[in-house]
Amino acid sequence: MDNSATLEAEVISERRTARSRRLRRALRPWLTPKVIGGGIIVLLLVIGGLSAPWIAPYDPNAQNLSQALRPPDWLFGANVFGTDALGRDILSRLFYGARISLVIAVMVVIISGVVGIALGAISGYFAGTTDFLIQKLVEVVWAFPPLLLAIAIMAFLGQGLENLILALVSQRWITYCRVSRGQALSLRSREFVDAARSLGARHTRIIVRHIMPNLLPSALVIGTFSMASAIISEAALSFLGLGVPPEIPTWGSMLADGRTYISTSWWLALFPGLCIFFTVLGINLLGDGLRDILDPRLKRSGSGIG
Amino acid sequence: MLRYLLGRIIATIPVVVLISLLVFLLIHAAPGDPADLLLSDEASAADIADARRRWGLDQPIYVQYLRFLANIASADLGTSFKYSDPVIGLIGERLPATIELAIASLLIAILIGIPLGVWAGAKPNSWADNLGSVLGFFGISMPSFWLGIMLILIVSGYFNWLPSSGRSTYGVGQGSDFYVIQSLLTGNLKTAWDGIKYIIMPAIALGTGMMGLVMRVTRSSVLEIISEDYVRTARAKGLDERTVLWRHVLRNALVPVITVVGLELGTLLSGSIIVETVFAWPGSGSLLIAAIQSRDYPLITGTVLTYTIAFVVINFAIDMLYALIDPRIRFG
Amino acid sequence: MKASCRRLTLILLASVAATATFGLAQNAEAGGQVTIGVTETIASYNPYADSISMGYAIWCQVYGCLGFYDYEKGDYVGILVERWEVDKADKNVWTFHLKRGVKRQNDGVEFTSADVIHSVNRINNDPQSKQKQNISPIKDISAVDKYTVKIVTKEPTASLLEYIFDRVIITAKDLYDKHGAREVDRKFPLGWGPYKLKELVIGQRIVLEKDSSHPDAKPKNPDTLIFSIMREAEQRVTALINNEIQIAQFIPPHLAERVSRATNAELLSTSSVEIMFLAMSPKYKPWDNLKLRQAVCYAIDRDLIIKNVLKAQADRLDGPIGPGQYGYDPEYTKKNLTIAYDPAKARELVKASGYNNEPVYLDAPVGRYINDKEVTEAMVPMLNAVGINARLRTPEWATLWADVQKGKTPFYYMGRGSVVDPSVALSQYFETNGSPRIGISDPEIDRTLAAERVAFDPAERKKALNIAFKAIEDAAPGCFMWRHHMLYGLSKTIVHKPNAAGRIFGTEIVVK
């Protein structure tokens with residue numbers, strides 16, 4: 001009884017160590033410098049935004065007019081990153097700004113990516129009339145001046161974060177659509193697609209299983225890049241009254257407010273700009289790292305050419 | 001081929017009509033009135049009503065639209081409320097400036113972005129790749145107004161190398177039409193040089209972000225292609241690395257790259273408002289913004305229609321390029 | 001591809017190096033040429049198709065205008081007009097005696113009353129005209145003889161000169177009759193002004209050249225005057241410091257120091273004639289409550305905002321107008337029109353008004369007035385502090401302006417420009433049926449404004465105006481905030497005294 005119990009325990013513990021060993025082995029390829037570096041950057045930005053109420057030294061909207069435009073006070077100063085034109089603490093506003101800006105960046109990229117890739121894949125895969133119609137839609141939407149679109153959305157739907165995202169998405173899907181379509185056009189006549197088709201696979205399955213995975217790398221590059229412009233464009237739209245009200249800090253509006261002070265108070269535009277840079281850098285590192293791991297062909301070639 | 005071309009041209013007509021209808025409805029539905037915005041603060045209600053009548057804004061909207069369509073049919077886009085001039089002429093005056101700037105920025109993006117991307121894609125994770133990528137991230141994270149003002153402050157302000165705004169020096173040239181291109185073609189080096197001085201900074205401000213994107217897309221695409229079977233076959237056949245890279249890899253990697261370049265060209269042609277403002281570049285972007293801000297209906301519709309046609313042409317040209325670089329691509 | 005890349009780098013490097021030398025060479029040759037960095041210029045060749053003050057000033061020195069308001073003298077001065085008078089019996093009848101022997105550029109044709117009448121008619125009839133408001137008081141205009149013009153107004157208008165003097169651009173009748181509107185504006189822009197139109201690239205620059213034979217054109221005045229569009233303030237300052245331009249218009253407060261520190265430029269400032277105010281429309285709750293409106297005026301610490309947000313580049317307004325504007329009386333203002341910052345009193349007024357803490361939205365434009373966003377952002381906590389639950393909104397300008405003009409905006413921050421004589425502006429905003437912008441209807445304001453309009457004796461009129469100011473302030477449909485300083489950067493190679501209207505005349509610039 002005792003013996004068997006110990007034995008069982010041993011087996012279990014052995015299984016456990018084996019499992020943890022397997023886990024470690026499975027994790028190992030993930031722990032590349034890119035994934036770790038990118039992960040840490042992204043995590044820090046997200047944590048900064050989430051915990052803003054606890055870690056921000058000041059209320060982001062607390063004005064102190066007599067302390068306006070104080071330069072950064074690097075060590076243990078009252079305002080580590082300085083103050084803006086109304087004496088508000090830049091660091092606190094950066095923490096709070098992360099909330100809206102990151103949400104906008106992620107939402108806009110995901111929604112426009114999904115819409116754009118799907119339409120692009122369909123357009124390129126079927127070609128012919130389907131392609132023609134979808135590309136005409138692209139041309140119509142593309143030609144709209146973004147400013148006019150924003151004014152119209154504001155007039156018909158009113159102010160709000162969701163309308164801001166709608167305004168940003170309304171034209172951004174085009175990039176994904178065009179790029180995916182171009183690639184899908186080329187993929188549809190490849191051997192592996194022909195093979196799948198001759199095996200009787202349905203169109204949906206071919207698009208989802210064979211076409212889309214090949215579209216993702218380019219879309220990923222565009223997505224991570226357009227995060228920056230989504231954050232920057234938010235400010236322009238918010239100034240039109242669309243989007244977030246002026247009392248809510250965002251990186252985009254901080255950057256825009258800082259525009260007039262570039263030569264005299266550089267810190268106003270620089271810090272939100274750096275936040276955007278680190279967001280792009282972090283996401284790209286993470287994206288690159290994940291791709292290195294997930295794309296088996298890449299690993300082969302990596303050793304082949306390197 | 002001719003039939004195909006003709007078909008594409010005819011197919012453009014419904015697009016133009018559709019967009020004209022959409023824009024027309026949208027701008028009339030948007031708040032704001034051109035008479036309120038263009039007359040001075042002192043204008044009375046009667047003055048404003050008078051202007052509305054002269055501009056035909058007192059008519060029902062469908063009458064206005066039908067008039068507009070009738071005008072288009074005779075190649076007349078109407079007269080701008082703000083600039084008091086035929087819309088076609090105004091666009092014709094501003095578009096060349098935008099096209100020239102677009103070409104210059106695109107040159108920067110392509111000539112730097114593509115080689116850098118190929119290099120980075122061929123040697124992933126090398127120092128060249130990392131350096132190129134970080135440069136790309138800087139390019140895309142830097143808002144063009146920031147880069148623009150920085151260039152003005154440093155290149156014009158500190159070093160006093162280049163003029164800070166405009167398109168030409170008074171007395172040297174007017175800076176209208178295709179200033180640089182025409183000067184180069186006619187061999188007038190003095191005005192060509194004048195134009196180049198003015199175009200460098202705005203082109204950098206516009207081209208840098210684009211260069212980053214082109215570089216990253218090229219890199220990603222090259223990474224994809226380089227591991228394909230035929231590339232390894234080519235390499236196994238003993239072709240030297242450079243031939244493999246430039247002939248086999250780049251050619252096939254170009255599809256997403258030229259798509260992105262086409263998209264960027266479209267964006268450039270519709271004019272970058274920020275860069276045109278920062279460098280006082282007299283292009284069509286600032287014309288459209290002025291039109292929207294003053295609700296100059298004929299000018300807005302006219303400009304948007306011009307862009308629509310430009311985009312149709314770009315998309316068509318890109319499709320042709322696809323077929324050229326990748327014979328497997330068929331549109332039927 | 002690699003080779004071409006290298007070639008490009010070389011070309012780029014070579015261009016930068018070459019520009020360095022060229023750039024320097026060019027600055028040295030600037031002599032009689034004065035370039036002005038402006039935010040906007042005219043949008044058309046047609047002198048009647050713009051209604052921006054810069055446009056009037058440019059056309060006035062090319063074609064000519066009747067006269068202008070001299071801020072130093074505090075009175076109107078004739079240009080094409082010798083003298084003028086109002087009929088003693090009928091205050092509607094004005095007579096203008098034109099200068100004789102004024103010769104036109106190039107062909108020397110003499111200026112006559114026919115040209116004045118033609119110009120007024122063209123403002124009225126040109127399909128592109130955006131200047132009808134300037135002739136709105138005029139019922140009839142006729143020529144008494146070759147050098148005398150009679151104007152009959154619809155009702156007695158003491159401020160007629162404000163409407164027409166530098167706003168009615170005088171163009172030639174004979175050229176118009178001969179060539180037609182489009183042709184004459186483009187090919188024969190000849191007038192009786194001291195400068196000729198040399199080049200107009202819309203959206204880029206406008207170039208004027210001195211007509212040395214003109215009696216007003218002195219040798220020391222710049223030979224060439226270039227108005228060059230530079231919308232970015234940073235750029236105007238940089239260009240000024242680099243000697244690219246000689247006058248930089250509209251320097252924002254925070255860049256003032258950069259200009260005054262420059263060795264080759266100086267900073268000049270003048271008070272603008274644009275009055276900035278907060279408007280509260282009694283048509284909307286809770287602004288129908290007088291006490292709440294008054295509370296707003298007490299709640300805002302204008303001095304603090306001026307000092308810190310506007311960097312002291314503004315003057316507080318006590319009452320609707322300030323020094324230099326017509327009818328300003330320092331003593332009366334000090335005694336009767338000054339509202340001091342008093343948060344305690346504001347709090348009391350809010351309490352007494354019975355305001356139930358519903359949110360109110362302050363609408364403000366962004367980028368239209370100096371530091372408009374910052375200024376209104378700073379007002380919000382001040383209003384909150386006295387118990388008004390205010391929030392800021394920043395609608396797109398065209399939308400906001402459309403709503404304001406239709407009377408659909410309850411609470412907003414706005415400016416009213418060109419207030420030299422406040423009569424028109426006050427009537428427009430505060431009189432019943434003046435316009436729907438604020439929508440107040442107050443019998444006392446109506447009565448006092450009407451009384452001011454029929455007072456032709458200057459002393460009497462000033463008194464009447466001040467009584468109207470008081471009536472407006474008592475009814476508090478708005479709180480008057482400040483007038484911005486208009487800051488100019490001026491190269492030390494020239495002498496120029498900027499005026500409150502922002503008018504830049506080549507004949508007022510002297511090249512050292």
# chains A, B, ... in the order shown; residues from 1 in each chain; ligands from 1

call {"tool": "residues_around", "arguments": {"residues": "Arg242 in chain B", "least_positions_apart": "3", "cutoff": "12 Å", "atoms": "only C-alpha atoms", "output": "ChimeraX atom specification"}}
result
/B:118-119,122,234-235,238-239,245-250 /C:1-2

call {"tool": "interface_residues", "arguments": {"of": "chain C", "to": "chain B", "cutoff": "6 Å", "atoms": "only C-alpha atoms", "output": "list of chain:residue names"}}
result
C:Thr19, C:Ala20, C:Gly23, C:Ala43, C:Ser44, C:Ser51, C:Gln128, C:Lys130, C:Gln133, C:Gly203, C:Gln204, C:Met230, C:Glu232, C:Thr238, C:Ala398, C:Thr399, C:Ala402

call {"tool": "write_last_selection", "arguments": {"atoms": "N, CA and C atoms", "output": "PDB file, in the first residue's frame"}}
result
ATOM      1  N   THR C  19      23.846  74.626 -52.084  1.00  0.00           N
ATOM      2  CA  THR C  19      22.835  75.545 -51.551  1.00  0.00           C
ATOM      3  C   THR C  19      23.423  76.440 -50.485  1.00  0.00           C
ATOM      4  N   ALA C  20      24.320  75.863 -49.723  1.00  0.00           N
ATOM      5  CA  ALA C  20      24.918  76.636 -48.649  1.00  0.00           C
ATOM      6  C   ALA C  20      25.508  77.922 -49.198  1.00  0.00           C
ATOM      7  N   GLY C  23      22.641  80.134 -50.923  1.00  0.00           N
ATOM      8  CA  GLY C  23      21.751  80.744 -49.936  1.00  0.00           C
ATOM      9  C   GLY C  23      22.347  82.023 -49.387  1.00  0.00           C
ATOM     10  N   ALA C  43      -7.661  85.749 -52.351  1.00  0.00           N
ATOM     11  CA  ALA C  43      -7.964  84.498 -53.030  1.00  0.00           C
ATOM     12  C   ALA C  43      -8.331  84.706 -54.488  1.00  0.00           C
ATOM     13  N   SER C  44      -8.283  85.955 -54.947  1.00  0.00           N
ATOM     14  CA  SER C  44      -8.749  86.197 -56.315  1.00  0.00           C
ATOM     15  C   SER C  44      -8.143  87.475 -56.886  1.00  0.00           C
ATOM     16  N   SER C  51     -13.181  89.413 -48.630  1.00  0.00           N
ATOM     17  CA  SER C  51     -13.510  90.404 -47.617  1.00  0.00           C
ATOM     18  C   SER C  51     -12.611  90.230 -46.408  1.00  0.00           C
ATOM     19  N   GLN C 128     -19.334  87.950 -58.160  1.00  0.00           N
ATOM     20  CA  GLN C 128     -18.362  87.413 -57.219  1.00  0.00           C
ATOM     21  C   GLN C 128     -18.209  88.296 -55.972  1.00  0.00           C
ATOM     22  N   LYS C 130     -18.083  89.956 -52.544  1.00  0.00           N
ATOM     23  CA  LYS C 130     -18.297  89.536 -51.161  1.00  0.00           C
ATOM     24  C   LYS C 130     -18.205  90.766 -50.259  1.00  0.00           C
ATOM     25  N   GLN C 133     -21.730  94.215 -47.780  1.00  0.00           N
ATOM     26  CA  GLN C 133     -21.965  94.772 -46.441  1.00  0.00           C
ATOM     27  C   GLN C 133     -21.340  96.164 -46.303  1.00  0.00           C
ATOM     28  N   GLY C 203      -2.268  81.662 -53.310  1.00  0.00           N
ATOM     29  CA  GLY C 203      -1.836  80.590 -52.422  1.00  0.00           C
ATOM     30  C   GLY C 203      -0.349  80.629 -52.164  1.00  0.00           C
ATOM     31  N   GLN C 204       0.389  81.480 -52.833  1.00  0.00           N
ATOM     32  CA  GLN C 204       1.823  81.557 -52.632  1.00  0.00           C
ATOM     33  C   GLN C 204       2.285  82.966 -52.284  1.00  0.00           C
ATOM     34  N   MET C 230       3.011  82.348 -45.245  1.00  0.00           N
ATOM     35  CA  MET C 230       3.704  81.419 -44.347  1.00  0.00           C
ATOM     36  C   MET C 230       2.759  81.174 -43.189  1.00  0.00           C
ATOM     37  N   GLU C 232       2.769  78.870 -40.831  1.00  0.00           N
ATOM     38  CA  GLU C 232       3.340  78.394 -39.567  1.00  0.00           C
ATOM     39  C   GLU C 232       4.116  79.528 -38.892  1.00  0.00           C
ATOM     40  N   THR C 238      11.564  82.041 -38.069  1.00  0.00           N
ATOM     41  CA  THR C 238      12.823  81.552 -38.627  1.00  0.00           C
ATOM     42  C   THR C 238      13.208  82.366 -39.864  1.00  0.00           C
ATOM     43  N   ALA C 398     -16.319  75.716 -39.030  1.00  0.00           N
ATOM     44  CA  ALA C 398     -17.466  75.996 -39.894  1.00  0.00           C
ATOM     45  C   ALA C 398     -18.767  75.583 -39.215  1.00  0.00           C
ATOM     46  N   THR C 399     -18.705  74.465 -38.498  1.00  0.00           N
ATOM     47  CA  THR C 399     -19.886  73.997 -37.784  1.00  0.00           C
ATOM     48  C   THR C 399     -20.243  74.965 -36.668  1.00  0.00           C
ATOM     49  N   ALA C 402     -21.542  78.286 -38.085  1.00  0.00           N
ATOM     50  CA  ALA C 402     -22.901  78.159 -38.603  1.00  0.00           C
ATOM     51  C   ALA C 402     -23.892  78.162 -37.444  1.00  0.00           C
TER      52      ALA C 402
END

call {"tool": "interface_residues", "arguments": {"of": "chain C", "to": "chain A", "cutoff": "7 Å", "atoms": "only C-alpha atoms", "output": "list in words"}}
result
Asn308, Val309, Val366, Glu374, Ala378, Leu392, Arg393, Thr394, Pro395 and Glu396 of chain C

call {"tool": "atom_distance", "arguments": {"atom1": "CA of Asn466 in chain C", "atom2": "CA of Leu487 in chain C"}}
result
28.9 Å

call {"tool": "closest_residue", "arguments": {"among": "B:Phe138, B:Tyr297, B:Tyr230, B:Tyr179", "to": "chain A", "atoms": "only C-alpha atoms"}}
result
B:Phe138

call {"tool": "interface_residues", "arguments": {"of": "chain A", "to": "chain B", "cutoff": "8 Å", "atoms": "only C-alpha atoms", "output": "PyMOL selection string"}}
result
chain A and resi 127-128+136+139-140+142-145+147-148+151-152+155+175+178-180+182-183+185-186+189-190+217-218+221-222+225+228-229+232+259+262-263+273+276-277+280-281+297-298+300-302+305-306

call {"tool": "residues_around", "arguments": {"residues": "range 221-226 of chain C", "least_positions_apart": "4", "cutoff": "10 Å", "atoms": "only C-alpha atoms", "output": "JSON, numbers by chain"}}
result
{"B": [170], "C": [31, 32, 33, 34, 35, 36, 37, 38, 195, 196, 197, 198, 199, 200, 205, 206, 207, 208, 209, 210, 211, 212, 216, 217, 245, 246, 494, 495, 505, 506, 507, 508, 509, 510, 511, 512]}

call {"tool": "write_last_selection", "arguments": {"atoms": "N, CA, C and O atoms", "output": "compact mmCIF listing (two decimals), in the first residue's frame"}}
result
# COMPACT_ATOMS: atom_id res chain seq x y z
N TYR B 170 11.12 84.93 -55.77
CA TYR B 170 10.60 85.96 -56.65
C TYR B 170 11.75 86.53 -57.47
O TYR B 170 12.81 86.83 -56.95
N GLY C 31 17.82 94.49 -51.33
CA GLY C 31 18.00 95.93 -51.18
C GLY C 31 16.69 96.62 -50.97
O GLY C 31 16.20 96.73 -49.85
N GLY C 32 16.07 97.03 -52.06
CA GLY C 32 14.80 97.71 -51.96
C GLY C 32 13.62 96.78 -51.90
O GLY C 32 12.51 97.16 -52.20
N GLN C 33 13.89 95.51 -51.56
CA GLN C 33 12.81 94.53 -51.57
C GLN C 33 12.42 94.19 -50.14
O GLN C 33 13.26 93.83 -49.33
N VAL C 34 11.14 94.34 -49.83
CA VAL C 34 10.67 94.00 -48.49
C VAL C 34 9.65 92.88 -48.61
O VAL C 34 8.67 92.99 -49.35
N THR C 35 9.93 91.77 -47.91
CA THR C 35 9.01 90.64 -47.94
C THR C 35 8.29 90.55 -46.61
O THR C 35 8.89 90.73 -45.55
N ILE C 36 7.00 90.33 -46.69
CA ILE C 36 6.18 90.25 -45.49
C ILE C 36 5.63 88.85 -45.38
O ILE C 36 4.97 88.35 -46.30
N GLY C 37 5.90 88.18 -44.26
CA GLY C 37 5.35 86.85 -44.04
C GLY C 37 3.96 86.97 -43.46
O GLY C 37 3.78 87.46 -42.35
N VAL C 38 2.95 86.56 -44.22
CA VAL C 38 1.56 86.72 -43.79
C VAL C 38 0.89 85.34 -43.72
O VAL C 38 1.38 84.38 -44.30
N TYR C 195 1.47 101.68 -55.64
CA TYR C 195 2.14 100.43 -56.01
C TYR C 195 1.40 99.75 -57.15
O TYR C 195 0.18 99.80 -57.23
N LYS C 196 2.18 99.10 -58.03
CA LYS C 196 1.58 98.37 -59.14
C LYS C 196 1.56 96.89 -58.82
O LYS C 196 2.48 96.38 -58.17
N LEU C 197 0.54 96.21 -59.32
CA LEU C 197 0.48 94.76 -59.15
C LEU C 197 1.47 94.13 -60.14
O LEU C 197 1.35 94.30 -61.34
N LYS C 198 2.43 93.39 -59.57
CA LYS C 198 3.49 92.84 -60.42
C LYS C 198 3.26 91.35 -60.67
O LYS C 198 3.40 90.88 -61.78
N GLU C 199 2.93 90.63 -59.61
CA GLU C 199 2.76 89.19 -59.76
C GLU C 199 1.79 88.71 -58.70
O GLU C 199 1.86 89.14 -57.55
N LEU C 200 0.88 87.84 -59.09
CA LEU C 200 -0.04 87.26 -58.12
C LEU C 200 -0.07 85.76 -58.34
O LEU C 200 -0.51 85.29 -59.38
N ARG C 205 2.10 83.89 -53.19
CA ARG C 205 2.54 85.25 -52.90
C ARG C 205 1.90 86.27 -53.83
O ARG C 205 1.36 85.94 -54.87
N ILE C 206 1.99 87.53 -53.37
CA ILE C 206 1.55 88.63 -54.22
C ILE C 206 2.67 89.67 -54.18
O ILE C 206 3.22 89.97 -53.12
N VAL C 207 3.03 90.17 -55.35
CA VAL C 207 4.17 91.08 -55.43
C VAL C 207 3.71 92.43 -55.97
O VAL C 207 3.04 92.51 -57.00
N LEU C 208 4.07 93.50 -55.26
CA LEU C 208 3.75 94.85 -55.70
C LEU C 208 5.05 95.58 -56.01
O LEU C 208 6.07 95.34 -55.37
N GLU C 209 4.97 96.49 -56.98
CA GLU C 209 6.18 97.24 -57.33
C GLU C 209 5.86 98.74 -57.27
O GLU C 209 4.81 99.17 -57.73
N LYS C 210 6.78 99.48 -56.70
CA LYS C 210 6.53 100.90 -56.48
C LYS C 210 6.41 101.66 -57.80
O LYS C 210 7.18 101.43 -58.73
N ASP C 211 5.44 102.55 -57.85
CA ASP C 211 5.30 103.45 -58.99
C ASP C 211 5.96 104.76 -58.58
O ASP C 211 5.37 105.59 -57.90
N SER C 212 7.22 104.94 -58.98
CA SER C 212 8.01 106.06 -58.45
C SER C 212 7.44 107.42 -58.82
O SER C 212 7.73 108.43 -58.17
N ASP C 216 2.81 109.94 -53.51
CA ASP C 216 2.97 109.37 -52.16
C ASP C 216 4.18 108.45 -52.06
O ASP C 216 4.58 108.08 -50.96
N ALA C 217 4.73 108.03 -53.21
CA ALA C 217 5.83 107.06 -53.18
C ALA C 217 7.15 107.79 -52.99
O ALA C 217 7.59 108.54 -53.85
N ILE C 245 12.68 87.22 -44.78
CA ILE C 245 11.60 88.20 -44.82
C ILE C 245 11.96 89.36 -43.89
O ILE C 245 12.83 89.24 -43.03
N GLN C 246 11.28 90.49 -44.09
CA GLN C 246 11.59 91.68 -43.27
C GLN C 246 10.49 91.98 -42.25
O GLN C 246 10.73 92.62 -41.25
N ILE C 494 14.63 97.92 -41.77
CA ILE C 494 13.52 98.79 -42.18
C ILE C 494 12.88 99.45 -40.96
O ILE C 494 13.08 99.03 -39.83
N VAL C 495 12.12 100.50 -41.23
CA VAL C 495 11.36 101.17 -40.18
C VAL C 495 9.89 101.09 -40.56
O VAL C 495 9.52 101.40 -41.70
N PHE C 505 1.06 99.16 -45.43
CA PHE C 505 1.17 99.99 -46.62
C PHE C 505 2.65 100.18 -46.95
O PHE C 505 3.44 100.54 -46.08
N GLY C 506 2.99 99.98 -48.21
CA GLY C 506 4.38 100.18 -48.61
C GLY C 506 4.86 101.59 -48.33
O GLY C 506 6.01 101.82 -47.98
N THR C 507 3.95 102.57 -48.46
CA THR C 507 4.35 103.96 -48.25
C THR C 507 4.62 104.26 -46.79
O THR C 507 5.16 105.32 -46.47
N GLU C 508 4.22 103.35 -45.90
CA GLU C 508 4.50 103.56 -44.48
C GLU C 508 5.77 102.83 -44.04
O GLU C 508 6.14 102.88 -42.88
N ILE C 509 6.41 102.13 -44.97
CA ILE C 509 7.64 101.41 -44.65
C ILE C 509 8.83 102.20 -45.20
O ILE C 509 8.80 102.67 -46.34
N VAL C 510 9.85 102.35 -44.38
CA VAL C 510 11.05 103.04 -44.83
C VAL C 510 12.22 102.06 -44.76
O VAL C 510 12.45 101.44 -43.73
N VAL C 511 12.93 101.94 -45.89
CA VAL C 511 14.11 101.07 -45.90
C VAL C 511 15.31 101.90 -45.50
O VAL C 511 15.56 102.96 -46.06
N LYS C 512 16.04 101.43 -44.50
CA LYS C 512 17.18 102.19 -44.00
C LYS C 512 18.34 102.19 -45.00
O LYS C 512 18.58 101.20 -45.66

call {"tool": "closest_residue", "arguments": {"among": "A:Gln135, A:Leu149, A:Arg21, A:Phe81", "to": "Cys177 in chain A", "atoms": "only C-alpha atoms"}}
result
A:Gln135

call {"tool": "residues_around", "arguments": {"residues": "Val102 in chain C", "least_positions_apart": "6", "cutoff": "7 Å", "atoms": "only C-alpha atoms", "output": "PyMOL selection string"}}
result
chain C and resi 110-111+192
